[in-house]
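Some notes on the structure that comes next.
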Amino acid sequence: MDSAAAMDNALPILHGLGMLTDLDWHFARFMERLAGDASPELALAAALASHATGQGDICVNLRQWARRWRIMTDKAEAPAAFTLPPAHEWLDALRATSVVGQPGQRQPLVLDRRGRLYLYRYWRYEQRLGRDLLQRAREAPAPVDENRLRADLDRLFPRHSTLTGPDWQKIAAVVATLKRVCVISGGPGTGKTSTVLRILALLTGQTDRPLRIALAAPTGKAAARMQESIRAAKPGLGLSNDQAAQIPEEASTLHRLLGSRPDSVYFRYNGDNPLPLDVLVVDEVSMVGLALLAKTVDALLPSTRLILLGDKDQLASVEAGSVLGDLCMGAGRFSPEFQTRLSALTGESLPRGKESSSSLVDAIVLLRHSYRFSAASGIGALAQAVNRGRAVETATLLDGRYEDIDWRTLTQADELPEQLAEPVAAGFASYLDAVRTGATPETVFQEFNRFRVLCAVRSGPFGVEALNLLCEAILHKHGLIDHRQAWYSGRPVMVIRNDYNLRLFNGDIGITLPDLEEPERMKVFFLGNDGALRSFAPARLPEHETVYAMTVHKSQGSEFERILVVTPNEPSPVLSRELIYTALTRAKQQAVFYGAPEVFEAAVERRLRRSSGLRDRLWLEQSRIRQASI
């Protein structure tokens with residue numbers, strides 16, 4: 001039997017198993033028609049490439065996929081199987097078709113030498129972003145007044161009494177001053193936003209002309225948090241009036257900054273019409289997909305300084321890519337020459353430098369010290385254990401020794417009403433009391449953001465949909481709401497579909513309250529990034545859902561005083577250490593987990609790795625390029 005005949009059943013089998021969507025199926029058949037000939041090898045590969053992007057991967061590594069499929073069928077884990085040809089035969093068959101090209105060729109599918117198959121536009125995004133970031137990292141910005149820099153560093157970064165090692169905030173500030181691009185990653189409480197504010201103060205002191213600075217984040221919530229932090233900390237820096245005026249107090253979403261166009265993937269600002277900026281700061285970069293970050297960087301002037309902030313250990317973006325994780329893969333130590341310069345400027349004793357062929361090695365800083373969580377913090381200790389994949393240690397930490405973290409065993413769905421009744425009622429009591437007593441919408445929002453229920457999944461008895469119904473039933477039973485009517489006072493909703501005309505976007509949260517002018521009518525109020533209130537009749541809202549409970553993904557960019565996290569009672573593909581860590585670090589004061597111990601521990605041990613060639617492009621390929629030039 002030839003290889004084509006051996007793969008005839010591949011597509012229907014995978015589709016029948018739910019491992020491919022209808023979209024993947026039709027894309028595969030379209031590629032066959034475009035190639036002008038039936039090709040099972042092409043159909044399967046095209047379907048897998050389509051499915052990969054839908055799952056958050058940039059590409060599919062066909063060599064790895066073939067090995068995993070053989071292992072699975074050998075273990076009889078699949079009810080039906082098909083025979084794959086040797087990997088080299090499969091890849092050769094793809095290269096022989098008219099729709100698969102090599103890197104650099106404009107074909108619908110791109111196959112690289114490692115066996116990674118891309119949809120062309122994702123290969124282009126990856127290639128363009130990698131090229132642009134490396135180029136920016138190689139180029140030095142304008143000369144620095146080192147005497148002024150040292151004086152400003154001493155003023156803006158006084159030694160903190162709790163520090164026992166290098167002041168990485170101070171080091172990050174110097175890196176951002178010396179480099180055209182700077183990536184700063186750190187966990188909760190490490191001071192990313194306060195650091196970038198001080199960076200902007202340093203930069204305004206290095207020039208005689210006003211700087212054009214923009215602050216941006218992937219979501220409205222993240223932008224709002226960023227500008228709140230900037231506004232709160234800015235007065236305490238002792239800046240001159242001219243310096244303070246240059247540092248903006250408003251942040252926008254990336255889509256708004258770039259000039260989104262309704263029903264289009266293109267933006268007003270791009271490579272042909274760049275943003276008129278000297279400095280761009282992007283927060284919560286872990287939430288930014290490959291395509292959006294590539295378009296953002298492409299829209300910058302060559303002279304624009306780019307500062308990226310985020311937490312590399314959080315969940316990757318909903319869109320395809322895990323850009324921040326790829327960027328930080330080679331971080332940790334600077335090159336020897338740059339390390340020496342940093343030590344001289346900061347007075348900090350830094351780890352010994354290491355040689356690297358990638359220019360990015362000197363552009364990335366990891367903030368290591370948390371100012372929020374002390375040594376006695378359970379949240380801080382648990383976050384470290386989760387990041388290290390230490391399941392046994394996490395179980396030990398959740399044994400009740402810490403006041404700010406707790407565990408409740410929950411194995412059956414019918415246990416949910418009894419287990420959650422008291423904590424849900426207590427968690428939302430102050431919020432609903434503010435609604436009942438007629439507090440201002442601003443106060444109501446403030447109270448609502450003190451507590452949230454987080455879920456790992458959307459569907460099923462442990463998912464968002466079921467938990468929101470349960471929360472309403474609990475609150476109704478306690479007399480806190482009257483949910484017999486759809487639009488009761490205090491109902492919180494989340495927009496789940498963009499409406500560009502109303503300027504309401506996926507993830508925006510509104511609260512149902514009496515109209516300020518006609519109290520007998522209900523309106524849904526939204527609090528903008530600028531603190532401005534907007535209200536809409538419920539009938540005008542785009543698609544939405546009740547939001548006492550939300551997915552961990554949707555909670556990114558937000559913080560709450562207390563959280564209650566519900567995980568399924570059986571393994572799920574979405575459960576991972578990144579999800580547990582992201583959920584945990586939404587809490588500032590207390591986190592309580594509900595779930596099955598064995599499922600929780602398995603999630604801590606499981607690390608999500610998205611398929612991408614960006615890591616190689618940024619870190620490994622530079623080494624090969626350098627060696628080839630010697």
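Just so we're on the same page: first chain in the structure tokens is A, next is B, and so on; residues restart at 1 for each chain, and ligands are numbered from 1 in the order they show up.
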Contact check, stretch 336-427 of chain A to stretch 472-487 of chain A, at most 9 Å, counting only C-alpha atoms, closest pairs as CSV:
residue,atom,partner,partner_atom,distance
A:Pro417,CA,A:Ile474,CA,7.6
A:Leu420,CA,A:Ile474,CA,8.3
A:Ala421,CA,A:Ile474,CA,5.8
A:Glu422,CA,A:Ile474,CA,8.5
A:Val424,CA,A:Ile474,CA,7.4
A:Ala425,CA,A:Leu475,CA,5.9
If you run DSSP on the backbone here, which positions in stretch 105-218 of chain A get alpha helix (DSSP H)? Please write them as a ChimeraX atom specification. /A:120-138,146-156,168-178,192-204
Print the selection's residues with C-alpha atoms to a file, as a short mmCIF file (atom, residue, chain, number, x, y, z; two decimals), in the first residue's frame.
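File written: part.cif
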data_model
loop_
_atom_site.label_atom_id
_atom_site.label_comp_id
_atom_site.auth_asym_id
_atom_site.auth_seq_id
_atom_site.Cartn_x
_atom_site.Cartn_y
_atom_site.Cartn_z
CA TYR A 120 1.44 31.75 5.42
CA ARG A 121 0.18 34.78 7.34
CA TYR A 122 1.31 33.33 10.68
CA TRP A 123 4.73 32.51 9.27
CA ARG A 124 4.88 36.11 8.04
CA TYR A 125 3.88 37.52 11.44
CA GLU A 126 6.51 35.41 13.18
CA GLN A 127 9.25 36.28 10.69
CA ARG A 128 8.43 40.00 10.76
CA LEU A 129 8.20 40.26 14.55
CA GLY A 130 11.42 38.33 15.11
CA ARG A 131 13.29 40.44 12.58
CA ASP A 132 12.00 43.75 13.95
CA LEU A 133 12.72 42.93 17.61
CA LEU A 134 16.26 41.72 16.91
CA GLN A 135 16.94 44.79 14.82
CA ARG A 136 15.71 47.12 17.58
CA ALA A 137 17.77 45.25 20.17
CA ARG A 138 20.92 45.71 18.07
CA GLU A 146 25.56 59.10 32.30
CA ASN A 147 26.12 61.65 35.05
CA ARG A 148 22.50 62.79 34.86
CA LEU A 149 21.41 59.16 34.66
CA ARG A 150 23.28 58.18 37.84
CA ALA A 151 21.88 61.17 39.73
CA ASP A 152 18.30 60.37 38.62
CA LEU A 153 18.76 56.68 39.48
CA ASP A 154 19.84 57.53 43.01
CA ARG A 155 16.81 59.79 43.43
CA LEU A 156 14.20 57.54 41.83
CA TRP A 168 16.25 44.61 39.44
CA GLN A 169 13.85 47.52 39.06
CA LYS A 170 16.83 49.87 38.90
CA ILE A 171 18.59 47.56 36.45
CA ALA A 172 15.49 47.38 34.26
CA ALA A 173 15.37 51.18 34.18
CA VAL A 174 18.93 51.40 32.89
CA VAL A 175 18.33 48.69 30.28
CA ALA A 176 15.29 50.60 29.02
CA THR A 177 17.37 53.77 28.84
CA LEU A 178 20.22 52.14 26.92
CA LYS A 192 6.42 46.48 36.84
CA THR A 193 4.19 49.54 36.50
CA SER A 194 6.03 51.61 39.10
CA THR A 195 9.30 50.68 37.39
CA VAL A 196 8.09 51.84 34.00
CA LEU A 197 6.89 55.13 35.51
CA ARG A 198 10.41 55.75 36.81
CA ILE A 199 11.82 54.74 33.42
CA LEU A 200 9.70 57.42 31.79
CA ALA A 201 10.98 59.92 34.36
CA LEU A 202 14.56 58.94 33.46
CA LEU A 203 13.88 59.32 29.75
CA THR A 204 12.34 62.78 30.14
#
Any idea what the distance is between atom CA of A:Gly400 and atom CA of A:Gly378?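 Going from atom CA of A:Gly400 over to atom CA of A:Gly378, I get 9.7 Å.
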Per residue of stretch 454-520 of chain A within 7 Å of stretch 536-557 of chain A, what are the shortest atom pair and its distance in Å to one decimal, counting only C-alpha atoms, with rows by chain and residue number, as a Markdown table?
| residue | atom | partner | partner_atom | distance |
| --- | --- | --- | --- | --- |
| A:Leu454 | CA | A:Met550 | CA | 5.2 |
| A:Cys455 | CA | A:Thr551 | CA | 4.7 |
| A:Ala456 | CA | A:Thr551 | CA | 5.7 |
| A:Val457 | CA | A:Thr551 | CA | 6.4 |
| A:Arg458 | CA | A:Thr551 | CA | 6.7 |
| A:Val464 | CA | A:Met550 | CA | 5.8 |
| A:Leu467 | CA | A:Ala549 | CA | 6.3 |
| A:Asn468 | CA | A:Ala549 | CA | 5.5 |
| A:Cys471 | CA | A:Tyr548 | CA | 6.8 |
| A:Pro492 | CA | A:Val547 | CA | 5.6 |
| A:Val493 | CA | A:Thr546 | CA | 4.3 |
| A:Met494 | CA | A:His544 | CA | 5.4 |
| A:Val495 | CA | A:His544 | CA | 4.3 |
| A:Ile496 | CA | A:His544 | CA | 5.1 |
| A:Arg497 | CA | A:Glu543 | CA | 5.5 |
| A:Asp499 | CA | A:Pro542 | CA | 6.3 |
| A:Gly507 | CA | A:Lys554 | CA | 6.7 |
Take the residues that were just selected and, keeping all heavy atoms, output them as a tab-separated table (two decimals), in the first residue's frame.
chain	number	residue	atom	x	y	z
A	454	LEU	N	-13.77	32.42	40.00
A	454	LEU	CA	-13.04	32.11	38.78
A	454	LEU	C	-13.20	30.63	38.45
A	454	LEU	O	-13.16	29.78	39.34
A	454	LEU	CB	-11.55	32.45	38.93
A	454	LEU	CG	-11.21	33.89	39.28
A	454	LEU	CD1	-9.70	34.08	39.32
A	454	LEU	CD2	-11.84	34.87	38.30
A	455	CYS	N	-13.35	30.33	37.16
A	455	CYS	CA	-13.53	28.95	36.69
A	455	CYS	C	-12.49	28.63	35.63
A	455	CYS	O	-12.04	29.51	34.89
A	455	CYS	CB	-14.93	28.76	36.10
A	455	CYS	SG	-16.27	29.19	37.21
A	456	ALA	N	-12.16	27.35	35.55
A	456	ALA	CA	-11.19	26.92	34.54
A	456	ALA	C	-11.85	26.73	33.18
A	456	ALA	O	-11.21	26.90	32.14
A	456	ALA	CB	-10.53	25.62	34.98
A	457	VAL	N	-13.14	26.38	33.17
A	457	VAL	CA	-13.83	26.03	31.92
A	457	VAL	C	-15.12	26.82	31.81
A	457	VAL	O	-15.61	27.40	32.78
A	457	VAL	CB	-14.14	24.51	31.88
A	457	VAL	CG1	-12.85	23.71	31.83
A	457	VAL	CG2	-14.98	24.08	33.08
A	458	ARG	N	-15.68	26.83	30.61
A	458	ARG	CA	-16.93	27.54	30.37
A	458	ARG	C	-18.15	26.65	30.60
A	458	ARG	O	-19.14	27.09	31.17
A	458	ARG	CB	-16.98	28.07	28.93
A	458	ARG	CG	-16.15	29.32	28.70
A	458	ARG	CD	-16.60	30.00	27.41
A	458	ARG	NE	-18.02	30.28	27.40
A	458	ARG	CZ	-18.57	31.32	28.02
A	458	ARG	NH1	-17.82	32.18	28.69
A	458	ARG	NH2	-19.88	31.52	27.96
A	464	VAL	N	-18.35	28.22	33.90
A	464	VAL	CA	-18.86	29.57	34.12
A	464	VAL	C	-20.38	29.63	34.00
A	464	VAL	O	-21.06	30.27	34.82
A	464	VAL	CB	-18.20	30.54	33.12
A	464	VAL	CG1	-18.98	31.84	33.04
A	464	VAL	CG2	-16.78	30.83	33.53
A	467	LEU	N	-21.97	28.03	37.04
A	467	LEU	CA	-21.64	28.76	38.28
A	467	LEU	C	-22.36	30.10	38.37
A	467	LEU	O	-22.74	30.53	39.46
A	467	LEU	CB	-20.13	28.96	38.37
A	467	LEU	CG	-19.36	27.93	39.22
A	467	LEU	CD1	-19.73	28.03	40.69
A	467	LEU	CD2	-19.60	26.52	38.73
A	468	ASN	N	-22.57	30.77	37.25
A	468	ASN	CA	-23.31	32.03	37.31
A	468	ASN	C	-24.77	31.80	37.69
A	468	ASN	O	-25.34	32.56	38.47
A	468	ASN	CB	-23.22	32.76	35.96
A	468	ASN	CG	-21.99	33.65	35.88
A	468	ASN	OD1	-21.73	34.44	36.78
A	468	ASN	ND2	-21.23	33.50	34.81
A	471	CYS	N	-24.65	31.08	41.43
A	471	CYS	CA	-24.44	32.30	42.21
A	471	CYS	C	-25.74	33.09	42.33
A	471	CYS	O	-26.08	33.61	43.41
A	471	CYS	CB	-23.35	33.16	41.56
A	471	CYS	SG	-21.67	32.53	41.79
A	492	PRO	N	-24.56	41.99	37.22
A	492	PRO	CA	-23.34	42.33	36.46
A	492	PRO	C	-23.29	41.52	35.17
A	492	PRO	O	-23.64	40.34	35.15
A	492	PRO	CB	-22.23	41.89	37.42
A	492	PRO	CG	-22.82	40.73	38.17
A	492	PRO	CD	-24.31	40.95	38.21
A	493	VAL	N	-22.88	42.16	34.10
A	493	VAL	CA	-22.80	41.46	32.81
A	493	VAL	C	-21.45	41.75	32.15
A	493	VAL	O	-20.84	42.80	32.37
A	493	VAL	CB	-23.94	41.88	31.85
A	493	VAL	CG1	-25.28	41.44	32.41
A	493	VAL	CG2	-23.91	43.36	31.57
A	494	MET	N	-21.00	40.78	31.35
A	494	MET	CA	-19.78	40.96	30.56
A	494	MET	C	-20.13	40.90	29.08
A	494	MET	O	-20.82	39.98	28.63
A	494	MET	CB	-18.75	39.88	30.89
A	494	MET	CG	-17.50	39.95	30.01
A	494	MET	SD	-16.36	38.58	30.29
A	494	MET	CE	-15.68	39.05	31.87
A	495	VAL	N	-19.66	41.87	28.33
A	495	VAL	CA	-19.83	41.86	26.88
A	495	VAL	C	-18.93	40.77	26.30
A	495	VAL	O	-17.77	40.64	26.67
A	495	VAL	CB	-19.45	43.24	26.29
A	495	VAL	CG1	-19.45	43.21	24.77
A	495	VAL	CG2	-20.39	44.31	26.81
A	496	ILE	N	-19.48	39.97	25.39
A	496	ILE	CA	-18.69	38.89	24.78
A	496	ILE	C	-18.60	39.02	23.27
A	496	ILE	O	-18.07	38.14	22.60
A	496	ILE	CB	-19.24	37.50	25.17
A	496	ILE	CG1	-20.70	37.35	24.77
A	496	ILE	CG2	-19.07	37.26	26.66
A	496	ILE	CD1	-21.26	35.95	25.04
A	497	ARG	N	-19.11	40.12	22.74
A	497	ARG	CA	-18.94	40.38	21.31
A	497	ARG	C	-18.75	41.88	21.11
A	497	ARG	O	-19.50	42.69	21.65
A	497	ARG	CB	-20.15	39.89	20.51
A	497	ARG	CG	-19.97	40.03	18.99
A	497	ARG	CD	-21.17	39.48	18.25
A	497	ARG	NE	-21.37	38.06	18.50
A	497	ARG	CZ	-20.74	37.08	17.84
A	497	ARG	NH1	-19.87	37.39	16.91
A	497	ARG	NH2	-20.98	35.84	18.12
A	499	ASP	N	-18.83	45.61	19.83
A	499	ASP	CA	-19.76	46.50	19.14
A	499	ASP	C	-19.05	47.83	18.96
A	499	ASP	O	-18.95	48.64	19.88
A	499	ASP	CB	-21.05	46.68	19.95
A	499	ASP	CG	-22.12	47.45	19.17
A	499	ASP	OD1	-21.76	48.43	18.48
A	499	ASP	OD2	-23.31	47.10	19.26
A	507	GLY	N	-15.15	41.53	26.92
A	507	GLY	CA	-14.49	41.63	28.22
A	507	GLY	C	-14.92	42.82	29.04
A	507	GLY	O	-14.65	42.87	30.25
Can you work out the spacing between atom CA of A:His88 and atom CA of A:Arg113 in Å, to one decimal? 10.7 Å
Can you pull out the residues contacting stretch 439-446 of chain A? Cut-off 8 Å, using only C-alpha atoms, and skip same-chain residues under 4 positions away; I want them as an MDAnalysis selection string. chainID A and resid 431 434:435 450 511 513 525 527
File dump, residues just selected, C-alpha atoms, as an mmCIF file, in the first residue's frame:
data_model
loop_
_atom_site.group_PDB
_atom_site.id
_atom_site.type_symbol
_atom_site.label_atom_id
_atom_site.label_comp_id
_atom_site.auth_asym_id
_atom_site.auth_seq_id
_atom_site.Cartn_x
_atom_site.Cartn_y
_atom_site.Cartn_z
ATOM 1 C CA TYR A 431 -21.335 44.920 46.623
ATOM 2 C CA ALA A 434 -23.986 49.206 47.928
ATOM 3 C CA VAL A 435 -26.525 48.544 45.176
ATOM 4 C CA ARG A 450 -13.367 43.141 45.648
ATOM 5 C CA ILE A 511 -23.575 46.701 36.152
ATOM 6 C CA LEU A 513 -28.597 49.968 38.131
ATOM 7 C CA PHE A 525 -23.483 51.241 33.447
ATOM 8 C CA LEU A 527 -16.918 52.625 33.747
#
Would you compute the distance between atom CA of A:Leu360 and atom CA of A:Ser335? Give it in Å to one decimal.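 Atom-to-atom, atom CA of A:Leu360 and atom CA of A:Ser335 are spaced 10.0 Å apart.
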Between A:Ala46, A:Ile364, A:Asp22, A:Pro519, which residue has the minimum interatomic distance to A:Leu34, considering only C-alpha atoms? A:Ala46
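Distances here use only C-alpha atoms; by that measure, the residue among A:Thr83, A:Gln339, A:Thr582, A:Gln590 closest to A:Glu403 is A:Gln590.
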